[in-house]
file coords-v2.txt (compact mmCIF, C-alpha atoms)
# COMPACT_ATOMS: atom_id res chain seq x y z
CA VAL X 15 -13.30 -10.21 5.32
CA ALA X 16 -13.16 -7.55 8.00
CA GLY X 17 -10.67 -4.73 7.79
CA HIS X 18 -7.87 -4.85 10.33
CA SER X 19 -7.63 -2.03 12.77
CA PHE X 20 -5.83 -0.58 15.72
CA ILE X 21 -8.96 -1.06 17.84
CA ARG X 22 -10.22 -4.45 16.69
CA GLY X 23 -6.87 -6.25 16.67
CA GLY X 24 -5.02 -8.06 13.93
CA LEU X 25 -1.93 -6.27 12.66
CA ALA X 26 -1.50 -3.25 14.87
CA PRO X 27 0.88 -0.53 13.69
CA HIS X 28 2.62 1.73 16.09
CA ASN X 29 2.70 5.13 14.51
CA LEU X 30 5.35 6.73 12.37
CA THR X 31 6.01 9.50 14.87
CA SER X 32 5.75 9.64 18.63
CA SER X 33 3.49 12.69 18.36
CA PRO X 34 1.56 14.40 15.56
CA LYS X 35 3.58 17.51 16.38
CA LEU X 36 6.66 15.78 14.96
CA CYS X 37 5.12 15.52 11.51
CA PRO X 38 6.66 18.76 10.17
CA ARG X 39 10.09 17.45 11.22
CA LEU X 40 9.35 14.17 9.53
CA LYS X 41 8.31 15.84 6.29
CA SER X 42 11.67 17.57 6.05
CA SER X 43 13.68 14.45 6.85
CA ALA X 44 15.49 12.06 4.53
CA LEU X 45 12.28 10.04 4.22
CA PHE X 46 10.91 12.32 1.52
CA ASN X 47 14.14 12.55 -0.40
CA GLY X 48 13.80 8.88 -1.22
CA ALA X 49 15.75 7.50 1.72
CA LEU X 50 14.59 5.97 4.97
CA SER X 51 17.71 6.19 7.07
CA GLU X 52 16.04 8.40 9.67
CA PRO X 53 12.28 8.03 9.17
CA SER X 54 11.20 8.37 12.78
CA GLU X 55 12.19 8.20 16.39
CA ARG X 56 10.86 4.65 16.47
CA PRO X 57 10.13 2.39 13.50
CA ILE X 58 6.74 1.05 12.58
CA VAL X 59 6.43 -2.47 13.91
CA PHE X 60 3.60 -4.97 13.72
CA ALA X 61 2.35 -7.12 16.55
CA ALA X 62 1.34 -10.76 16.45
CA LEU X 63 3.45 -11.97 13.54
CA ASN X 64 2.40 -15.56 13.04
CA THR X 65 5.42 -16.66 11.08
CA GLU X 66 9.17 -16.35 11.37
CA VAL X 67 10.62 -14.20 8.64
CA ARG X 68 13.67 -15.23 6.69
CA ASP X 69 16.94 -14.02 8.14
CA ALA X 70 18.63 -13.49 4.78
CA THR X 71 17.80 -12.01 1.39
CA THR X 72 19.12 -13.38 -1.89
CA LYS X 73 20.12 -10.84 -4.53
CA VAL X 74 18.96 -11.78 -8.03
CA SER X 75 19.38 -10.11 -11.40
CA GLY X 76 15.76 -10.77 -12.37
CA PHE X 77 12.97 -13.29 -12.71
CA ASN X 78 15.08 -15.45 -15.01
CA GLU X 79 16.78 -16.84 -11.91
CA LEU X 80 13.40 -17.89 -10.47
CA GLU X 81 11.83 -19.21 -13.67
CA THR X 82 10.57 -22.57 -12.40
CA ARG X 83 9.99 -21.64 -8.78
CA TYR X 84 6.85 -19.50 -9.00
CA SER X 85 3.70 -19.58 -11.11
CA GLY X 86 1.71 -16.79 -9.47
CA PHE X 87 2.78 -13.19 -8.87
CA LEU X 88 1.27 -10.43 -6.72
CA VAL X 89 2.79 -7.21 -8.04
CA ASP X 90 2.73 -3.67 -6.67
CA LEU X 91 2.34 -0.82 -9.16
CA CYS X 92 3.93 2.46 -8.04
CA GLY X 93 7.67 2.07 -7.55
CA VAL X 94 7.69 -1.29 -9.32
CA ILE X 95 5.83 -0.94 -12.63
CA HIS X 96 5.75 2.87 -12.88
CA ASN X 97 7.03 5.90 -10.99
CA GLY X 98 3.77 7.80 -10.91
CA PHE X 99 4.25 9.30 -14.35
CA GLU X 100 5.75 6.69 -16.67
CA SER X 101 6.54 3.03 -16.97
CA LEU X 102 9.86 1.99 -15.45
CA PRO X 103 12.63 0.38 -17.56
CA HIS X 104 12.32 -3.30 -18.57
CA VAL X 105 8.72 -3.60 -17.32
CA ASP X 106 7.06 -4.29 -20.67
CA GLU X 107 9.59 -6.96 -21.62
CA CYS X 108 9.38 -8.60 -18.21
CA LEU X 109 5.57 -8.75 -18.17
CA SER X 110 5.52 -10.15 -21.71
CA THR X 111 8.04 -12.85 -20.81
CA LEU X 112 6.24 -13.85 -17.63
CA ARG X 113 2.93 -14.14 -19.46
CA SER X 114 4.48 -16.09 -22.32
CA LYS X 115 5.61 -18.65 -19.77
CA GLY X 116 2.10 -19.00 -18.35
CA ALA X 117 2.51 -16.95 -15.18
CA ALA X 118 -0.63 -15.74 -13.41
CA ILE X 119 -0.26 -12.05 -12.49
CA VAL X 120 -2.40 -10.01 -10.11
CA PHE X 121 -1.49 -6.39 -9.44
CA LEU X 122 -2.10 -5.21 -5.87
CA SER X 123 -2.07 -1.43 -5.66
CA ASN X 124 -2.76 0.35 -2.37
CA SER X 125 -4.83 2.99 -4.16
CA SER X 126 -8.05 4.35 -2.64
CA ARG X 127 -9.52 4.40 -6.15
CA GLY X 128 -11.47 1.63 -7.81
CA SER X 129 -9.43 -0.41 -10.28
CA GLU X 130 -11.67 0.48 -13.23
CA PHE X 131 -10.66 4.13 -12.79
CA ILE X 132 -6.93 3.29 -12.70
CA VAL X 133 -6.59 0.98 -15.69
CA PRO X 134 -7.09 3.69 -18.39
CA GLY X 135 -4.25 5.75 -16.90
CA LEU X 136 -1.97 2.71 -16.84
CA ARG X 137 -2.66 2.03 -20.49
CA LYS X 138 -1.77 5.64 -21.30
CA LYS X 139 1.61 4.86 -19.70
CA ASN X 140 1.85 1.91 -22.14
CA ILE X 141 1.53 -0.59 -19.31
CA ASP X 142 -0.10 -3.79 -20.54
CA ILE X 143 -2.65 -4.52 -17.86
CA ARG X 144 -5.48 -6.92 -18.63
CA PRO X 145 -9.08 -7.19 -17.41
CA GLY X 146 -9.28 -8.61 -13.90
CA GLU X 147 -5.56 -8.30 -13.19
CA LEU X 148 -5.77 -5.31 -10.82
CA ILE X 149 -7.18 -5.24 -7.28
CA THR X 150 -7.11 -2.20 -5.00
CA PRO X 151 -8.29 -1.64 -1.42
CA GLY X 152 -10.43 1.01 -3.06
CA ASP X 153 -12.28 -1.84 -4.77
CA LEU X 154 -12.81 -3.61 -1.46
CA VAL X 155 -14.00 -0.50 0.37
CA ARG X 156 -16.26 0.65 -2.49
CA ASN X 157 -17.91 -2.79 -2.48
CA GLN X 158 -18.45 -2.59 1.28
CA ILE X 159 -19.86 0.94 1.09
CA ARG X 160 -22.29 -0.27 -1.58
CA ASP X 161 -23.21 -3.56 0.11
CA PRO X 162 -21.77 -4.02 3.61
CA THR X 163 -20.96 -7.62 4.47
CA ASP X 164 -17.91 -7.52 6.76
CA ALA X 165 -17.96 -6.83 10.49
CA VAL X 166 -16.51 -3.33 10.20
CA PHE X 167 -18.98 -1.98 7.69
CA MET X 168 -21.97 -3.74 9.19
CA ASP X 169 -21.22 -2.00 12.49
CA ILE X 170 -19.81 1.36 11.44
CA GLY X 171 -22.92 2.93 9.85
CA ARG X 172 -23.95 3.80 6.32
CA SER X 173 -23.06 7.49 5.88
CA LEU X 174 -19.47 8.62 5.29
CA PHE X 175 -17.58 11.90 5.15
CA ASN X 176 -14.62 11.81 2.78
CA ILE X 177 -11.41 13.55 3.77
CA GLY X 178 -9.87 13.68 0.34
CA ARG X 179 -9.21 15.75 -2.73
CA SER X 180 -12.26 16.91 -4.68
CA ASP X 181 -10.48 16.20 -7.98
CA GLU X 182 -9.68 12.56 -7.15
CA THR X 183 -11.84 10.39 -9.39
CA GLY X 184 -12.69 6.79 -8.66
CA VAL X 185 -13.17 7.16 -4.91
CA LEU X 186 -16.85 8.04 -4.55
CA ASP X 187 -18.01 7.86 -8.17
CA GLY X 188 -21.39 6.11 -8.10
CA LEU X 189 -21.52 6.29 -4.30
CA GLU X 190 -22.51 9.92 -3.93
CA ASP X 191 -25.69 8.97 -2.06
CA LYS X 192 -23.56 7.42 0.70
CA ALA X 193 -21.53 10.61 1.32
CA ALA X 194 -22.57 13.36 3.72
CA ASN X 195 -21.76 17.01 2.98
CA ARG X 196 -20.98 17.71 6.61
CA MET X 197 -18.90 15.62 8.97
CA GLU X 198 -21.52 15.99 11.71
CA ALA X 199 -24.06 14.20 9.50
CA ALA X 200 -21.83 11.16 8.84
CA ASP X 201 -21.24 7.94 10.76
CA TYR X 202 -17.55 7.64 9.88
CA VAL X 203 -14.79 9.32 7.93
CA LEU X 204 -13.15 7.89 4.83
CA MET X 205 -9.48 8.89 4.56
CA THR X 206 -8.32 9.22 0.94
CA TYR X 207 -6.26 12.44 1.04
CA LEU X 208 -2.82 12.55 -0.54
CA CYS X 209 -0.45 15.37 -1.43
CA ASP X 210 3.14 16.10 -2.34
CA ALA X 211 5.59 15.95 0.56
CA GLY X 212 6.27 19.44 1.85
CA GLN X 213 2.79 20.70 0.96
CA SER X 214 0.81 22.19 3.85
CA THR X 215 -1.41 19.66 5.62
CA GLU X 216 -2.97 22.12 8.04
CA SER X 217 -6.50 21.76 6.66
CA VAL X 218 -6.34 17.96 6.90
CA GLU X 219 -5.04 18.10 10.45
CA LYS X 220 -7.95 20.38 11.40
CA SER X 221 -10.35 17.84 9.88
CA LEU X 222 -8.73 15.09 11.94
CA GLU X 223 -9.10 17.15 15.11
CA LYS X 224 -12.78 17.67 14.33
CA ALA X 225 -13.32 13.97 13.63
CA LEU X 226 -11.67 13.13 16.94
CA ARG X 227 -13.94 15.53 18.81
CA LEU X 228 -16.91 13.81 17.17
CA LYS X 229 -15.43 10.40 18.11
CA MET X 230 -15.75 9.21 14.54
CA PRO X 231 -14.17 5.94 13.36
CA MET X 232 -12.05 6.11 10.22
CA VAL X 233 -11.75 3.78 7.23
CA CYS X 234 -8.44 4.03 5.35
CA PRO X 235 -8.24 2.07 2.07
CA ASN X 236 -4.68 3.15 1.20
CA SER X 237 -2.39 2.32 4.12
CA ASP X 238 0.74 3.64 2.38
CA VAL X 239 2.51 6.37 4.32
CA ILE X 240 4.53 7.57 1.35
CA ALA X 241 4.87 6.65 -2.32
CA CYS X 242 7.13 7.79 -5.12
CA HIS X 243 5.71 10.31 -7.57
CA GLY X 244 8.26 10.92 -10.28
CA ASP X 245 11.37 12.33 -8.62
CA LYS X 246 9.43 13.38 -5.54
CA MET X 247 7.64 11.68 -2.69
CA ARG X 248 3.96 11.92 -1.89
CA LEU X 249 2.18 11.72 1.45
CA CYS X 250 -0.49 9.03 1.26
CA PRO X 251 -3.69 8.42 3.24
CA GLY X 252 -1.91 6.02 5.61
CA TYR X 253 0.21 8.93 6.81
CA PHE X 254 -2.86 10.82 7.97
CA ALA X 255 -4.56 7.69 9.29
CA GLN X 256 -1.55 6.99 11.49
CA MET X 257 -1.67 10.59 12.64
CA TYR X 258 -5.32 10.05 13.61
CA GLU X 259 -4.38 6.92 15.55
CA GLU X 260 -1.69 8.87 17.34
CA MET X 261 -4.34 11.39 18.34
CA GLY X 262 -6.42 8.55 19.79
CA GLY X 263 -8.73 7.83 16.86
CA GLU X 264 -9.98 4.46 15.64
CA VAL X 265 -8.80 3.38 12.17
CA HIS X 266 -9.69 0.39 9.99
CA TYR X 267 -7.25 -0.49 7.18
CA TYR X 268 -7.89 -2.46 3.99
CA GLY X 269 -4.63 -2.11 2.04
CA LYS X 270 -1.25 -3.78 2.29
CA PRO X 271 0.08 -5.14 4.64
CA TYR X 272 -3.34 -6.01 6.06
CA SER X 273 -5.26 -9.19 5.28
CA PRO X 274 -8.21 -7.95 3.17
CA ILE X 275 -6.10 -7.05 0.12
CA TYR X 276 -3.84 -10.11 0.40
CA GLU X 277 -6.77 -12.48 0.76
CA ALA X 278 -8.40 -10.91 -2.29
CA GLY X 279 -5.17 -11.27 -4.29
CA LEU X 280 -4.64 -14.88 -3.29
CA GLU X 281 -8.26 -15.71 -4.11
CA ARG X 282 -7.83 -14.17 -7.56
CA LEU X 283 -4.72 -16.30 -8.11
CA ARG X 284 -6.62 -19.41 -7.01
CA ARG X 285 -9.20 -18.67 -9.69
CA LEU X 286 -6.32 -18.51 -12.16
CA GLY X 287 -5.12 -21.95 -11.09
CA VAL X 288 -2.48 -21.08 -8.47
CA ASP X 289 -3.68 -22.46 -5.15
CA ASP X 290 -0.31 -23.25 -3.55
CA LYS X 291 1.12 -20.26 -1.64
CA SER X 292 4.62 -21.67 -2.01
CA LYS X 293 4.26 -20.92 -5.74
CA VAL X 294 3.33 -17.27 -5.13
CA LEU X 295 5.80 -14.35 -5.11
CA MET X 296 4.93 -10.84 -3.90
CA VAL X 297 6.91 -8.14 -5.75
CA GLY X 298 7.05 -4.64 -4.27
CA ASP X 299 9.18 -1.67 -3.32
CA ASN X 300 8.05 -1.17 0.29
CA LEU X 301 9.25 -3.16 3.30
CA LEU X 302 6.38 -1.95 5.48
CA THR X 303 3.54 -2.86 3.15
CA ASP X 304 4.54 -5.27 0.36
CA VAL X 305 7.19 -7.26 2.21
CA LYS X 306 5.67 -7.04 5.68
CA GLY X 307 2.37 -8.33 4.33
CA ALA X 308 4.12 -11.15 2.49
CA ASN X 309 5.99 -12.13 5.66
CA VAL X 310 2.80 -12.20 7.70
CA HIS X 311 0.83 -14.13 5.08
CA GLU X 312 3.68 -16.61 4.54
CA ILE X 313 4.38 -15.61 0.95
CA ASP X 314 7.85 -15.26 -0.58
CA SER X 315 8.70 -11.73 -1.67
CA MET X 316 10.99 -9.70 -3.88
CA LEU X 317 11.96 -6.11 -3.07
CA VAL X 318 12.89 -3.97 -6.07
CA ALA X 319 15.14 -0.93 -5.68
CA THR X 320 13.23 1.40 -8.02
CA GLY X 321 10.75 2.79 -5.48
CA ILE X 322 10.83 4.61 -2.16
CA TYR X 323 14.29 3.29 -1.19
CA ARG X 324 15.91 4.03 -4.55
CA ASN X 325 18.35 6.63 -3.19
CA GLU X 326 19.44 4.49 -0.30
CA LEU X 327 19.66 1.12 -2.09
CA LYS X 328 21.38 2.51 -5.20
CA ASP X 329 20.50 -0.42 -7.47
CA LEU X 330 21.58 -2.82 -4.71
CA GLN X 331 25.26 -2.03 -5.16
CA ASP X 332 25.65 -2.67 -1.44
CA MET X 333 23.33 -5.19 0.23
CA ALA X 334 24.32 -3.83 3.64
CA SER X 335 21.87 -0.95 3.15
CA LEU X 336 19.03 -3.40 2.59
CA ARG X 337 19.98 -5.44 5.63
CA SER X 338 19.94 -2.27 7.70
CA LEU X 339 16.47 -1.35 6.47
CA SER X 340 15.20 -4.87 7.05
CA ASP X 341 16.50 -4.80 10.62
CA LYS X 342 14.95 -1.39 11.21
CA PHE X 343 11.49 -2.34 9.98
CA GLY X 344 11.40 -6.00 10.96
CA SER X 345 10.53 -7.33 7.52
CA VAL X 346 12.82 -9.35 5.27
CA PRO X 347 12.33 -10.00 1.54
CA THR X 348 13.19 -13.42 0.16
CA TYR X 349 14.89 -11.77 -2.84
CA ALA X 350 16.06 -8.34 -3.88
CA ALA X 351 16.53 -7.02 -7.41
CA ALA X 352 17.55 -3.73 -8.95
CA GLY X 353 14.22 -3.55 -10.80
CA PHE X 354 11.29 -5.42 -12.32
CA ARG X 355 13.16 -7.19 -15.08
CA TRP X 356 13.46 -10.64 -16.59
call {"tool": "encode", "arguments": {"input": "coords-v2.txt", "output": "structure tokens"}}
result
Amino acid sequence: VAGHSFIRGGLAPHNLTSSPKLCPRLKSSALFNGALSEPSERPIVFAALNTEVRDATTKVSGFNELETRYSGFLVDLCGVIHNGFESLPHVDECLSTLRSKGAAIVFLSNSSRGSEFIVPGLRKKNIDIRPGELITPGDLVRNQIRDPTDAVFMDIGRSLFNIGRSDETGVLDGLEDKAANRMEAADYVLMTYLCDAGQSTESVEKSLEKALRLKMPMVCPNSDVIACHGDKMRLCPGYFAQMYEEMGGEVHYYGKPYSPIYEAGLERLRRLGVDDKSKVLMVGDNLLTDVKGANVHEIDSMLVATGIYRNELKDLQDMASLRSLSDKFGSVPTYAAAGFRW
């Protein structure tokens, strides 16, 4: 499955800001205080939606109201199952109940890291995740770096330069022979950098300018722009990838809302016996990744209010805020719930 990109077609995001120069303004906006009332001068939209999205969202108290409707669940991690540091309330009970009723669960995280590097940390948070239940775009990209089979990686070259943190494990572990020490010696750049909102991004922006001068394509596993990290927000690789697009660079995405990660998740559910998409529910906290991808891939979805919109949605006390966000971003969840609970 080829990664979708701005250049090659598929889902094509307009960028979060109208110019990279607006990024400092964006970082100080309400976006990184947990709200998205003023995230940009123009919202991210996606072209070529092949399905009409629902025009209304049903508020539910939990999965108990949907007990017989779904047998397979695609579930985001950060903002749904944990907040970056600890498990969120009711998660353990809800997972146990779903499993006791025979539900097939596949976690879809937008992480750049391979799943085998993430699972130990989840277990330290007392999150009951089982072998084979987690898929990340990091998994997909690591597999392609190791053994290229899709159109992007067969064409892009074999040597990468990683723009990322040196202390981030699970990105290039076991792939060191594929990574160049200098950008000039690489065929493409891999974008995996993330940092706390408000932290200086000057060094990353200089790397992007250099990559653009070298006309290097970029692969971005994690298409998230922001994610919750405890009580704060964190800039994710998708933020910098969109900046690179705005500068004129070519970017290939593998995470939500793009097809590679959804196709991998649906295939995993098929192996678990769920081959009818009408029986699948995507659960996430992000309208632009989790819900948008579900809309495009014709999957029902549930938005939970414990993630990046937690300050604005306020446990769904007022559904008008959700309707406003849905209108702004052009993606509509089938259901909304205060949290991941039975």
call {"tool": "closest_residue", "arguments": {"input": "coords-v2.txt", "among": "X:Met257, X:Gly93, X:Glu219, X:Phe167", "to": "X:Tyr323", "atoms": "all atoms listed in the file"}}
result
X:Gly93
call {"tool": "closest_residue", "arguments": {"input": "coords-v2.txt", "among": "X:Asp299, X:Asp304, X:Asp164, X:Glu326", "to": "X:Ala351", "atoms": "all atoms listed in the file"}}
result
X:Asp299
call {"tool": "axis_aligned_box", "arguments": {"input": "coords-v2.txt", "around": "stretch 107-114 of chain X", "padding_each_side": "6 Å", "output": "lines of an AutoDock Vina configuration file"}}
result
center_x = 6.3
center_y = -11.5
center_z = -20.0
size_x = 18.7
size_y = 21.1
size_z = 16.7
call {"tool": "closest_residue", "arguments": {"input": "coords-v2.txt", "among": "X:Leu317, X:Val346, X:Cys209, X:Ala308", "to": "X:Ser75", "atoms": "only C-alpha atoms"}}
result
X:Leu317
call {"tool": "atom_distance", "arguments": {"input": "coords-v2.txt", "atom1": "atom CA of X:Trp356", "atom2": "atom CA of X:Gly86"}}
result
15.1 Å
call {"tool": "residues_around", "arguments": {"input": "coords-v2.txt", "residues": "X:Leu301", "least_positions_apart": "4", "cutoff": "7 Å", "atoms": "only C-alpha atoms", "output": "ChimeraX atom specification"}}
result
/X:305-306,345
call {"tool": "closest_residue", "arguments": {"input": "coords-v2.txt", "among": "X:Thr72, X:Thr82, X:Glu107, X:Ala118", "to": "X:Asp142", "atoms": "only C-alpha atoms"}}
result
X:Glu107
call {"tool": "atom_distance", "arguments": {"input": "coords-v2.txt", "atom1": "atom CA of X:Gly269", "atom2": "atom CA of X:Glu81"}}
result
28.5 Å
call {"tool": "atom_distance", "arguments": {"input": "coords-v2.txt", "atom1": "atom CA of X:Ser273", "atom2": "atom CA of X:Ser335"}}
result
28.4 Å
call {"tool": "decode", "arguments": {"input": "coords-v2.txt", "residues": "stretch 257-268 of chain X", "atoms": "all heavy atoms", "output": "mmCIF file, in the first residue's frame"}}
result
data_model
loop_
_atom_site.group_PDB
_atom_site.id
_atom_site.type_symbol
_atom_site.label_atom_id
_atom_site.label_comp_id
_atom_site.auth_asym_id
_atom_site.auth_seq_id
_atom_site.Cartn_x
_atom_site.Cartn_y
_atom_site.Cartn_z
ATOM 1 N N MET X 257 4.521 22.031 7.607
ATOM 2 C CA MET X 257 5.362 23.200 7.391
ATOM 3 C C MET X 257 6.219 23.011 6.133
ATOM 4 O O MET X 257 6.373 23.928 5.317
ATOM 5 C CB MET X 257 6.261 23.433 8.613
ATOM 6 C CG MET X 257 7.079 24.712 8.554
ATOM 7 S SD MET X 257 8.227 24.843 9.948
ATOM 8 C CE MET X 257 7.077 24.999 11.316
ATOM 9 N N TYR X 258 6.746 21.795 5.974
ATOM 10 C CA TYR X 258 7.589 21.499 4.805
ATOM 11 C C TYR X 258 6.767 21.575 3.523
ATOM 12 O O TYR X 258 7.234 22.091 2.502
ATOM 13 C CB TYR X 258 8.201 20.110 4.968
ATOM 14 C CG TYR X 258 9.303 19.785 3.987
ATOM 15 C CD1 TYR X 258 10.425 20.607 3.869
ATOM 16 C CD2 TYR X 258 9.231 18.649 3.181
ATOM 17 C CE1 TYR X 258 11.450 20.312 2.973
ATOM 18 C CE2 TYR X 258 10.246 18.346 2.284
ATOM 19 C CZ TYR X 258 11.354 19.174 2.193
ATOM 20 O OH TYR X 258 12.371 18.869 1.312
ATOM 21 N N GLU X 259 5.546 21.075 3.547
ATOM 22 C CA GLU X 259 4.657 21.216 2.401
ATOM 23 C C GLU X 259 4.417 22.676 2.074
ATOM 24 O O GLU X 259 4.403 23.072 0.909
ATOM 25 C CB GLU X 259 3.313 20.534 2.673
ATOM 26 C CG GLU X 259 3.326 19.033 2.473
ATOM 27 C CD GLU X 259 1.930 18.449 2.556
ATOM 28 O OE1 GLU X 259 1.015 19.126 3.035
ATOM 29 O OE2 GLU X 259 1.771 17.299 2.124
ATOM 30 N N GLU X 260 4.198 23.475 3.109
ATOM 31 C CA GLU X 260 3.935 24.892 2.901
ATOM 32 C C GLU X 260 5.124 25.580 2.245
ATOM 33 O O GLU X 260 4.969 26.529 1.460
ATOM 34 C CB GLU X 260 3.626 25.558 4.248
ATOM 35 C CG GLU X 260 3.091 26.961 4.155
ATOM 36 C CD GLU X 260 1.711 27.020 3.531
ATOM 37 O OE1 GLU X 260 0.830 26.242 3.910
ATOM 38 O OE2 GLU X 260 1.535 27.867 2.636
ATOM 39 N N MET X 261 6.314 25.077 2.542
ATOM 40 C CA MET X 261 7.527 25.618 1.936
ATOM 41 C C MET X 261 7.707 25.151 0.496
ATOM 42 O O MET X 261 8.556 25.663 -0.233
ATOM 43 C CB MET X 261 8.739 25.195 2.774
ATOM 44 C CG MET X 261 8.751 25.776 4.175
ATOM 45 S SD MET X 261 9.911 24.909 5.298
ATOM 46 C CE MET X 261 11.492 25.347 4.562
ATOM 47 N N GLY X 262 6.914 24.137 0.087
ATOM 48 C CA GLY X 262 7.012 23.620 -1.265
ATOM 49 C C GLY X 262 7.573 22.212 -1.348
ATOM 50 O O GLY X 262 7.812 21.697 -2.452
ATOM 51 N N GLY X 263 7.789 21.572 -0.210
ATOM 52 C CA GLY X 263 8.364 20.238 -0.186
ATOM 53 C C GLY X 263 7.350 19.148 -0.459
ATOM 54 O O GLY X 263 6.133 19.342 -0.361
ATOM 55 N N GLU X 264 7.851 17.975 -0.787
ATOM 56 C CA GLU X 264 7.036 16.789 -1.083
ATOM 57 C C GLU X 264 6.999 15.902 0.156
ATOM 58 O O GLU X 264 8.045 15.562 0.701
ATOM 59 C CB GLU X 264 7.661 16.026 -2.250
ATOM 60 C CG GLU X 264 7.039 14.678 -2.544
ATOM 61 C CD GLU X 264 7.781 13.932 -3.642
ATOM 62 O OE1 GLU X 264 8.587 14.553 -4.366
ATOM 63 O OE2 GLU X 264 7.566 12.704 -3.762
ATOM 64 N N VAL X 265 5.788 15.526 0.588
ATOM 65 C CA VAL X 265 5.636 14.725 1.808
ATOM 66 C C VAL X 265 4.738 13.519 1.536
ATOM 67 O O VAL X 265 3.696 13.644 0.884
ATOM 68 C CB VAL X 265 5.036 15.554 2.963
ATOM 69 C CG1 VAL X 265 4.935 14.704 4.229
ATOM 70 C CG2 VAL X 265 5.877 16.801 3.234
ATOM 71 N N HIS X 266 5.146 12.365 2.075
ATOM 72 C CA HIS X 266 4.363 11.140 1.999
ATOM 73 C C HIS X 266 3.970 10.727 3.414
ATOM 74 O O HIS X 266 4.833 10.574 4.282
ATOM 75 C CB HIS X 266 5.174 10.025 1.339
ATOM 76 C CG HIS X 266 5.689 10.395 -0.021
ATOM 77 N ND1 HIS X 266 4.937 10.258 -1.165
ATOM 78 C CD2 HIS X 266 6.881 10.922 -0.407
ATOM 79 C CE1 HIS X 266 5.639 10.670 -2.201
ATOM 80 N NE2 HIS X 266 6.820 11.075 -1.778
ATOM 81 N N TYR X 267 2.665 10.556 3.660
ATOM 82 C CA TYR X 267 2.139 10.252 4.986
ATOM 83 C C TYR X 267 1.693 8.785 5.075
ATOM 84 O O TYR X 267 1.163 8.236 4.117
ATOM 85 C CB TYR X 267 0.929 11.132 5.294
ATOM 86 C CG TYR X 267 1.216 12.613 5.409
ATOM 87 C CD1 TYR X 267 1.030 13.457 4.317
ATOM 88 C CD2 TYR X 267 1.664 13.156 6.597
ATOM 89 C CE1 TYR X 267 1.277 14.817 4.428
ATOM 90 C CE2 TYR X 267 1.915 14.521 6.706
ATOM 91 C CZ TYR X 267 1.725 15.347 5.622
ATOM 92 O OH TYR X 267 1.978 16.678 5.731
ATOM 93 N N TYR X 268 1.861 8.215 6.273
ATOM 94 C CA TYR X 268 1.441 6.837 6.498
ATOM 95 C C TYR X 268 0.474 6.686 7.677
ATOM 96 O O TYR X 268 -0.087 5.621 7.873
ATOM 97 C CB TYR X 268 2.673 5.934 6.717
ATOM 98 C CG TYR X 268 3.328 5.562 5.416
ATOM 99 C CD1 TYR X 268 4.104 6.480 4.728
ATOM 100 C CD2 TYR X 268 3.134 4.306 4.857
ATOM 101 C CE1 TYR X 268 4.680 6.158 3.507
ATOM 102 C CE2 TYR X 268 3.716 3.973 3.635
ATOM 103 C CZ TYR X 268 4.482 4.902 2.971
ATOM 104 O OH TYR X 268 5.041 4.581 1.756
#
